[in-house]
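Novice: Just work-v7.pdb, nothing more (PDB, C-alpha atoms, pLDDT in the B column):
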ATOM      1  CA  MET G   8       0.000   0.000   0.000  1.00 36.00           C
ATOM      2  CA  ALA G   9       1.267   3.491  -0.846  1.00 42.00           C
ATOM      3  CA  SER G  10       2.226   5.904   1.874  1.00 46.00           C
ATOM      4  CA  PRO G  11      -0.676   8.263   2.685  1.00 45.00           C
ATOM      5  CA  LEU G  12       1.656  11.134   1.838  1.00 46.00           C
ATOM      6  CA  LYS G  13       2.747   9.698  -1.503  1.00 44.00           C
ATOM      7  CA  MET G  14      -0.861   9.213  -2.625  1.00 38.00           C
ATOM      8  CA  HIS G  15      -1.120  12.979  -3.149  1.00 41.00           C
ATOM      9  CA  TYR G  16       2.459  13.777  -4.042  1.00 41.00           C
ATOM     10  CA  SER G  17       3.363  15.481  -7.265  1.00 47.00           C
ATOM     11  CA  PRO G  18       6.738  17.005  -8.076  1.00 51.00           C
ATOM     12  CA  GLY G  19       7.004  20.781  -7.924  1.00 53.00           C
ATOM     13  CA  SER G  20       8.064  22.896 -10.855  1.00 52.00           C
ATOM     14  CA  GLN G  21      11.502  24.492 -10.834  1.00 60.00           C
ATOM     15  CA  ALA G  22       9.916  27.662 -12.244  1.00 74.00           C
ATOM     16  CA  GLU G  23       7.396  27.843  -9.390  1.00 86.00           C
ATOM     17  CA  THR G  24       7.779  30.996  -7.291  1.00 92.00           C
ATOM     18  CA  VAL G  25       6.890  31.406  -3.635  1.00 92.00           C
ATOM     19  CA  ARG G  26       3.962  33.560  -4.756  1.00 94.00           C
ATOM     20  CA  ASP G  27       2.731  30.789  -7.110  1.00 94.00           C
ATOM     21  CA  ARG G  28       2.859  28.328  -4.242  1.00 93.00           C
ATOM     22  CA  VAL G  29       1.218  30.563  -1.638  1.00 94.00           C
ATOM     23  CA  LEU G  30      -1.665  31.550  -3.914  1.00 95.00           C
ATOM     24  CA  ASP G  31      -2.534  27.929  -4.780  1.00 97.00           C
ATOM     25  CA  PRO G  32      -3.577  25.654  -1.892  1.00 97.00           C
ATOM     26  CA  GLU G  33      -2.652  22.487  -3.825  1.00 97.00           C
ATOM     27  CA  LYS G  34       0.852  23.748  -4.620  1.00 96.00           C
ATOM     28  CA  LEU G  35       1.322  24.893  -1.021  1.00 96.00           C
ATOM     29  CA  MET G  36       0.196  21.503   0.288  1.00 96.00           C
ATOM     30  CA  GLN G  37       2.428  19.592  -2.146  1.00 95.00           C
ATOM     31  CA  ALA G  38       5.463  21.688  -1.180  1.00 94.00           C
ATOM     32  CA  GLN G  39       4.801  20.950   2.488  1.00 95.00           C
ATOM     33  CA  ILE G  40       4.327  17.229   1.781  1.00 95.00           C
ATOM     34  CA  ARG G  41       7.705  17.165   0.006  1.00 94.00           C
ATOM     35  CA  GLU G  42       9.247  18.789   3.064  1.00 94.00           C
ATOM     36  CA  ILE G  43       7.492  16.359   5.412  1.00 94.00           C
ATOM     37  CA  GLU G  44       8.737  13.381   3.399  1.00 94.00           C
ATOM     38  CA  ALA G  45      12.300  14.717   3.496  1.00 94.00           C
ATOM     39  CA  GLN G  46      12.075  15.283   7.257  1.00 93.00           C
ATOM     40  CA  LEU G  47      10.712  11.774   7.856  1.00 92.00           C
ATOM     41  CA  GLU G  48      13.814  10.344   6.143  1.00 93.00           C
ATOM     42  CA  GLN G  49      15.945  11.917   8.892  1.00 92.00           C
ATOM     43  CA  ARG G  50      16.456  10.710  12.430  1.00 90.00           C
ATOM     44  CA  GLY G  51      14.667  12.671  15.094  1.00 87.00           C
ATOM     45  CA  ASP G  52      11.337  13.291  16.692  1.00 89.00           C
ATOM     46  CA  TYR G  53       9.763  15.325  13.905  1.00 89.00           C
ATOM     47  CA  VAL G  54       5.963  15.561  14.028  1.00 90.00           C
ATOM     48  CA  PRO G  55       4.609  15.921  10.486  1.00 93.00           C
ATOM     49  CA  ALA G  56       1.877  18.494   9.996  1.00 95.00           C
ATOM     50  CA  LEU G  57       0.560  20.729   7.263  1.00 97.00           C
ATOM     51  CA  SER G  58       0.010  24.434   7.872  1.00 95.00           C
ATOM     52  CA  PRO G  59      -2.171  26.839   5.910  1.00 94.00           C
ATOM     53  CA  ILE G  60       0.469  29.508   6.539  1.00 89.00           C
ATOM     54  CA  LEU G  61       0.551  32.616   4.387  1.00 91.00           C
ATOM     55  CA  GLY G  62       3.180  34.491   6.386  1.00 88.00           C
ATOM     56  CA  VAL G  63       2.350  37.442   8.628  1.00 89.00           C
ATOM     57  CA  ILE G  64      -0.769  38.381   6.677  1.00 92.00           C
ATOM     58  CA  GLY G  65      -3.398  36.650   8.800  1.00 91.00           C
ATOM     59  CA  MET G  66      -4.685  39.476  10.983  1.00 92.00           C
ATOM     60  CA  PRO G  67      -3.534  42.840   9.515  1.00 94.00           C
ATOM     61  CA  PRO G  68      -5.548  42.597   6.253  1.00 95.00           C
ATOM     62  CA  ALA G  69      -8.636  41.773   8.312  1.00 94.00           C
ATOM     63  CA  PHE G  70      -8.264  45.302   9.711  1.00 93.00           C
ATOM     64  CA  GLY G  71      -7.687  46.851   6.282  1.00 94.00           C
ATOM     65  CA  CYS G  72      -3.926  46.559   5.669  1.00 95.00           C
ATOM     66  CA  GLU G  73      -2.853  46.094   2.057  1.00 97.00           C
ATOM     67  CA  VAL G  74      -1.100  42.811   1.237  1.00 96.00           C
ATOM     68  CA  VAL G  75       2.126  42.944  -0.769  1.00 96.00           C
ATOM     69  CA  TRP G  76       2.552  39.716  -2.754  1.00 95.00           C
ATOM     70  CA  TRP G  77       6.285  39.205  -3.429  1.00 93.00           C
ATOM     71  CA  GLU G  78       7.347  36.713  -6.108  1.00 93.00           C
ATOM     72  CA  ASP G  79      10.130  35.011  -4.154  1.00 92.00           C
ATOM     73  CA  ASP G  80       9.139  35.531  -0.529  1.00 93.00           C
ATOM     74  CA  LEU G  81       6.105  35.223   1.695  1.00 92.00           C
ATOM     75  CA  PRO G  82       3.691  38.151   1.446  1.00 94.00           C
ATOM     76  CA  ALA G  83       3.933  41.192   3.694  1.00 95.00           C
ATOM     77  CA  VAL G  84       1.539  43.964   4.683  1.00 96.00           C
ATOM     78  CA  ARG G  85       1.617  47.744   4.507  1.00 97.00           C
ATOM     79  CA  PRO G  86       0.519  49.415   7.736  1.00 96.00           C
ATOM     80  CA  LEU G  87      -2.607  51.521   7.794  1.00 95.00           C
ATOM     81  CA  ASP G  88      -2.228  55.274   7.372  1.00 94.00           C
ATOM     82  CA  ILE G  89      -2.757  55.941  11.067  1.00 87.00           C
ATOM     83  CA  THR G  90      -0.709  58.473  13.021  1.00 81.00           C
ATOM     84  CA  ASP G  91      -2.684  58.412  16.261  1.00 83.00           C
ATOM     85  CA  PRO G  92      -2.947  54.969  17.888  1.00 81.00           C
ATOM     86  CA  GLY G  93      -6.335  56.033  19.257  1.00 81.00           C
ATOM     87  CA  GLN G  94      -7.694  55.784  15.716  1.00 85.00           C
ATOM     88  CA  THR G  95      -7.484  51.986  15.979  1.00 84.00           C
ATOM     89  CA  TYR G  96     -10.607  52.016  18.149  1.00 82.00           C
ATOM     90  CA  ASP G  97     -12.575  53.277  15.151  1.00 86.00           C
ATOM     91  CA  LEU G  98     -11.556  50.350  12.923  1.00 89.00           C
ATOM     92  CA  PRO G  99     -14.426  48.014  12.018  1.00 89.00           C
ATOM     93  CA  ARG G 100     -14.484  44.720  13.857  1.00 89.00           C
ATOM     94  CA  PRO G 101     -13.368  42.009  11.386  1.00 91.00           C
ATOM     95  CA  SER G 102     -15.111  38.698  10.824  1.00 92.00           C
ATOM     96  CA  ILE G 103     -13.325  35.359  10.730  1.00 91.00           C
ATOM     97  CA  THR G 104     -13.282  35.593   6.940  1.00 93.00           C
ATOM     98  CA  SER G 105     -12.098  39.218   6.634  1.00 93.00           C
ATOM     99  CA  GLY G 106      -8.930  39.938   4.695  1.00 91.00           C
ATOM    100  CA  GLU G 107      -6.888  36.789   4.125  1.00 93.00           C
ATOM    101  CA  LEU G 108      -8.471  34.902   7.055  1.00 93.00           C
ATOM    102  CA  GLY G 109     -11.071  33.424   4.693  1.00 94.00           C
ATOM    103  CA  GLN G 110      -8.280  32.186   2.415  1.00 95.00           C
ATOM    104  CA  ILE G 111      -6.523  30.549   5.372  1.00 95.00           C
ATOM    105  CA  LEU G 112      -9.762  28.761   6.341  1.00 95.00           C
ATOM    106  CA  SER G 113     -10.272  27.680   2.730  1.00 96.00           C
ATOM    107  CA  TYR G 114      -6.734  26.269   2.581  1.00 96.00           C
ATOM    108  CA  THR G 115      -7.363  24.368   5.823  1.00 96.00           C
ATOM    109  CA  ARG G 116     -10.474  22.774   4.311  1.00 96.00           C
ATOM    110  CA  HIS G 117      -8.565  21.911   1.132  1.00 97.00           C
ATOM    111  CA  PHE G 118      -5.756  20.230   3.100  1.00 97.00           C
ATOM    112  CA  ALA G 119      -8.260  18.227   5.158  1.00 96.00           C
ATOM    113  CA  GLU G 120     -10.171  17.043   2.078  1.00 96.00           C
ATOM    114  CA  ARG G 121      -7.062  16.145   0.062  1.00 96.00           C
ATOM    115  CA  THR G 122      -5.232  14.252   2.826  1.00 94.00           C
ATOM    116  CA  ARG G 123      -8.405  12.577   4.144  1.00 94.00           C
ATOM    117  CA  GLY G 124      -7.122  13.065   7.682  1.00 86.00           C
ATOM    118  CA  TYR G 125      -3.823  11.201   7.174  1.00 90.00           C
ATOM    119  CA  VAL G 126      -1.731  14.291   7.913  1.00 93.00           C
ATOM    120  CA  PRO G 127      -2.431  16.566  10.879  1.00 95.00           C
ATOM    121  CA  ILE G 128      -3.144  20.200  10.094  1.00 96.00           C
ATOM    122  CA  ARG G 129      -1.794  22.690  12.561  1.00 94.00           C
ATOM    123  CA  MET G 130      -2.978  26.189  13.195  1.00 91.00           C
ATOM    124  CA  THR G 131      -1.596  28.901  10.957  1.00 89.00           C
ATOM    125  CA  ASP G 132       0.813  31.426  12.440  1.00 86.00           C
ATOM    126  CA  VAL G 133      -1.409  34.420  13.160  1.00 83.00           C
ATOM    127  CA  GLN G 134       1.358  36.261  15.046  1.00 85.00           C
ATOM    128  CA  GLY G 135       0.834  37.537  18.555  1.00 86.00           C
ATOM    129  CA  PRO G 136      -1.352  40.524  19.437  1.00 87.00           C
ATOM    130  CA  LEU G 137       1.603  42.894  19.850  1.00 88.00           C
ATOM    131  CA  ASP G 138       3.169  41.882  16.537  1.00 91.00           C
ATOM    132  CA  SER G 139      -0.192  42.166  14.778  1.00 91.00           C
ATOM    133  CA  ALA G 140      -0.712  45.630  16.279  1.00 90.00           C
ATOM    134  CA  ALA G 141       2.782  46.672  15.141  1.00 92.00           C
ATOM    135  CA  LEU G 142       2.074  45.411  11.613  1.00 94.00           C
ATOM    136  CA  ILE G 143      -1.271  47.252  11.502  1.00 93.00           C
ATOM    137  CA  LEU G 144       0.056  50.561  12.876  1.00 92.00           C
ATOM    138  CA  GLY G 145       3.617  50.346  11.612  1.00 93.00           C
ATOM    139  CA  HIS G 146       6.349  49.600  14.112  1.00 93.00           C
ATOM    140  CA  ASN G 147       7.280  53.243  14.798  1.00 91.00           C
ATOM    141  CA  ASN G 148       3.671  54.297  15.433  1.00 89.00           C
ATOM    142  CA  PHE G 149       3.086  51.210  17.560  1.00 89.00           C
ATOM    143  CA  LEU G 150       6.106  51.882  19.771  1.00 89.00           C
ATOM    144  CA  ALA G 151       5.261  55.598  20.019  1.00 88.00           C
ATOM    145  CA  GLY G 152       1.694  54.633  20.950  1.00 87.00           C
ATOM    146  CA  LEU G 153       2.933  52.580  23.891  1.00 86.00           C
ATOM    147  CA  TYR G 154       4.442  55.787  25.199  1.00 85.00           C
ATOM    148  CA  THR G 155       1.697  58.257  24.236  1.00 85.00           C
ATOM    149  CA  HIS G 156      -1.274  56.017  25.123  1.00 79.00           C
ATOM    150  CA  PRO G 157       0.059  53.842  27.965  1.00 75.00           C
ATOM    151  CA  LYS G 158      -3.259  53.282  29.768  1.00 69.00           C
ATOM    152  CA  ARG G 159      -5.859  53.780  27.084  1.00 63.00           C
ATOM    153  CA  PRO G 160      -5.999  50.170  25.810  1.00 56.00           C
ATOM    154  CA  LEU G 161      -6.691  48.825  29.319  1.00 36.00           C
ATOM    155  CA  VAL G 162      -9.381  51.424  29.986  1.00 37.00           C
ATOM    156  CA  LYS G 163     -10.925  50.847  26.554  1.00 47.00           C
ATOM    157  CA  ALA G 164     -11.010  47.054  27.060  1.00 46.00           C
ATOM    158  CA  GLN G 165     -12.719  47.390  30.420  1.00 45.00           C
ATOM    159  CA  GLN G 166     -15.343  49.702  28.942  1.00 47.00           C
ATOM    160  CA  HIS G 167     -16.076  47.425  26.002  1.00 49.00           C
ATOM    161  CA  PRO G 168     -19.509  45.751  26.437  1.00 52.00           C
ATOM    162  CA  ARG G 169     -18.228  42.306  25.369  1.00 53.00           C
ATOM    163  CA  CYS G 170     -15.153  42.361  27.557  1.00 48.00           C
ATOM    164  CA  CYS G 171     -14.399  41.538  31.145  1.00 45.00           C
TER     165      CYS G 171
END
Please express the file's structure as C-alpha cells.
Specialist:
Amino acid sequence: MASPLKMHYSPGSQAETVRDRVLDPEKLMQAQIREIEAQLEQRGDYVPALSPILGVIGMPPAFGCEVVWWEDDLPAVRPLDITDPGQTYDLPRPSITSGELGQILSYTRHFAERTRGYVPIRMTDVQGPLDSAALILGHNNFLAGLYTHPKRPLVKAQQHPRCC
C-alpha cells in the first residue's frame, strides 16, 4: 500500500515561485508534503503536519492593511495610514473571513479534504497581538503609541460591552 503522503504527491516545478505556491492551496500543500517526506527520512522526533500559513498576513488585512505579494518571498503587509494609535478604536471589527483569514480557512479545508485526515493540520501562524498591532500601525507608530497612550488600551477594554 502506498504511503498516505505519496498518494497525493506530485513534483514541484523548478519555475514555481513562492507567490505561485502561496496563492494555490494544492501547490502549497504539495510543497509541504515534500518537506514532510524529506524530514521523515531523517532521524529525530519530527511531528509531520501541514500548515495553511501565508506568512504574517493573517490578521492585519482583516483590519484593512494592504497585502504585498512578493514573487520570491512570503507576502507582507503595509501598515494603515494611522498616526494616532487612538484611531485603531474606530476600525471596524473584522469577521473570521475578513482579509486573508477566509483564504486561510479555505486552505485548511482543502488540506483536510485532500489528505483525508492522514496528515495533521496545525494552526496557521497568526502572530501575537503585539506583533499584529505593530504590523497594523507600523512599528514606529506602535512603539510611540505605547508611550503616548500607555493606559488607554486597558481602559478601553474594560469599557467594552463584550469584555471583562
Novice: Residues picked by the PyMOL selection byres ((chain G and resi 94) around 12) here, as a PyMOL selection string?
Specialist: chain G and resi 87-93+95-99+143-144+148-149+152+156+159-160
Novice: Store the residues picked out above in a file with C-alpha atoms, as a compact mmCIF listing (two decimals), keeping the file's coordinate frame.
Specialist:
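Saved the output as again38.txt:
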# COMPACT_ATOMS: atom_id res chain seq x y z
CA LEU G 87 -2.61 51.52 7.79
CA ASP G 88 -2.23 55.27 7.37
CA ILE G 89 -2.76 55.94 11.07
CA THR G 90 -0.71 58.47 13.02
CA ASP G 91 -2.68 58.41 16.26
CA PRO G 92 -2.95 54.97 17.89
CA GLY G 93 -6.34 56.03 19.26
CA THR G 95 -7.48 51.99 15.98
CA TYR G 96 -10.61 52.02 18.15
CA ASP G 97 -12.58 53.28 15.15
CA LEU G 98 -11.56 50.35 12.92
CA PRO G 99 -14.43 48.01 12.02
CA ILE G 143 -1.27 47.25 11.50
CA LEU G 144 0.06 50.56 12.88
CA ASN G 148 3.67 54.30 15.43
CA PHE G 149 3.09 51.21 17.56
CA GLY G 152 1.69 54.63 20.95
CA HIS G 156 -1.27 56.02 25.12
CA ARG G 159 -5.86 53.78 27.08
CA PRO G 160 -6.00 50.17 25.81
Novice: Any idea what the distance is between CA of Ser105 (chain G) and CA of Ser139 (chain G)?
Specialist: 14.7 Å
Novice: Between G:Val63, G:Arg100, G:Pro82, G:Leu112, which is the closest to Pro136 (chain G) once you count only C-alpha atoms?
Specialist: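 Closest to Pro136 (chain G), using only C-alpha atoms: G:Val63.
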Novice: Can you measure CA of Thr115 (chain G) to CA of Ser102 (chain G) for me? One decimal in Å is fine.
Specialist: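 If I compute the distance from CA of Thr115 (chain G) to CA of Ser102 (chain G), I get 17.0 Å.
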Novice: Hey, what's within 10 Å of Val126 (chain G) if we count all atoms listed in the file and toss same-chain stuff fewer than 4 positions away? As a list in words, please?
Specialist: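 Contacts, in chain order: Pro11, Leu12, Ile40, Ile43, Val54, Pro55, Ala56, Leu57, Phe118, Ala119, Arg121 and Thr122 of chain G.
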Novice: Restricting the output to C-alpha atoms, write the selected residues as an mmCIF file, in the coordinates of the input.
Specialist:
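Output file result_13.cif is given in full below:
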data_model
loop_
_atom_site.group_PDB
_atom_site.id
_atom_site.type_symbol
_atom_site.label_atom_id
_atom_site.label_comp_id
_atom_site.auth_asym_id
_atom_site.auth_seq_id
_atom_site.Cartn_x
_atom_site.Cartn_y
_atom_site.Cartn_z
ATOM 1 C CA PRO G 11 -0.676 8.263 2.685
ATOM 2 C CA LEU G 12 1.656 11.134 1.838
ATOM 3 C CA ILE G 40 4.327 17.229 1.781
ATOM 4 C CA ILE G 43 7.492 16.359 5.412
ATOM 5 C CA VAL G 54 5.963 15.561 14.028
ATOM 6 C CA PRO G 55 4.609 15.921 10.486
ATOM 7 C CA ALA G 56 1.877 18.494 9.996
ATOM 8 C CA LEU G 57 0.560 20.729 7.263
ATOM 9 C CA PHE G 118 -5.756 20.230 3.100
ATOM 10 C CA ALA G 119 -8.260 18.227 5.158
ATOM 11 C CA ARG G 121 -7.062 16.145 0.062
ATOM 12 C CA THR G 122 -5.232 14.252 2.826
#
Novice: Evaluated on this file, the PyMOL selection byres ((chain G and resi 31) around 12) picks out some residues - which ones are they, written as a ChimeraX atom specification?
Specialist: /G:23-30,32-38,59-61,110-111,113-114,117-118
Novice: For those residues, write C-alpha atoms to a file as an mmCIF file, in the frame of the given file.
Specialist:
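Contents of again-v5.cif, as written:
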data_model
loop_
_atom_site.group_PDB
_atom_site.id
_atom_site.type_symbol
_atom_site.label_atom_id
_atom_site.label_comp_id
_atom_site.auth_asym_id
_atom_site.auth_seq_id
_atom_site.Cartn_x
_atom_site.Cartn_y
_atom_site.Cartn_z
ATOM 1 C CA GLU G 23 7.396 27.843 -9.390
ATOM 2 C CA THR G 24 7.779 30.996 -7.291
ATOM 3 C CA VAL G 25 6.890 31.406 -3.635
ATOM 4 C CA ARG G 26 3.962 33.560 -4.756
ATOM 5 C CA ASP G 27 2.731 30.789 -7.110
ATOM 6 C CA ARG G 28 2.859 28.328 -4.242
ATOM 7 C CA VAL G 29 1.218 30.563 -1.638
ATOM 8 C CA LEU G 30 -1.665 31.550 -3.914
ATOM 9 C CA PRO G 32 -3.577 25.654 -1.892
ATOM 10 C CA GLU G 33 -2.652 22.487 -3.825
ATOM 11 C CA LYS G 34 0.852 23.748 -4.620
ATOM 12 C CA LEU G 35 1.322 24.893 -1.021
ATOM 13 C CA MET G 36 0.196 21.503 0.288
ATOM 14 C CA GLN G 37 2.428 19.592 -2.146
ATOM 15 C CA ALA G 38 5.463 21.688 -1.180
ATOM 16 C CA PRO G 59 -2.171 26.839 5.910
ATOM 17 C CA ILE G 60 0.469 29.508 6.539
ATOM 18 C CA LEU G 61 0.551 32.616 4.387
ATOM 19 C CA GLN G 110 -8.280 32.186 2.415
ATOM 20 C CA ILE G 111 -6.523 30.549 5.372
ATOM 21 C CA SER G 113 -10.272 27.680 2.730
ATOM 22 C CA TYR G 114 -6.734 26.269 2.581
ATOM 23 C CA HIS G 117 -8.565 21.911 1.132
ATOM 24 C CA PHE G 118 -5.756 20.230 3.100
#
Novice: Between G:Pro127, G:Pro86, G:Gly106, G:Gly51, which has the minimum distance to Pro68 (chain G) (counting all atoms listed in the file)?
Specialist: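 Selected residue with least distance to Pro68 (chain G): G:Gly106.
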Novice: Could you state the separation of CA of Asp132 (chain G) and CA of Glu48 (chain G) in Å, given to one decimal place?
Specialist: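 CA of Glu48 (chain G) lies 25.6 Å from CA of Asp132 (chain G).
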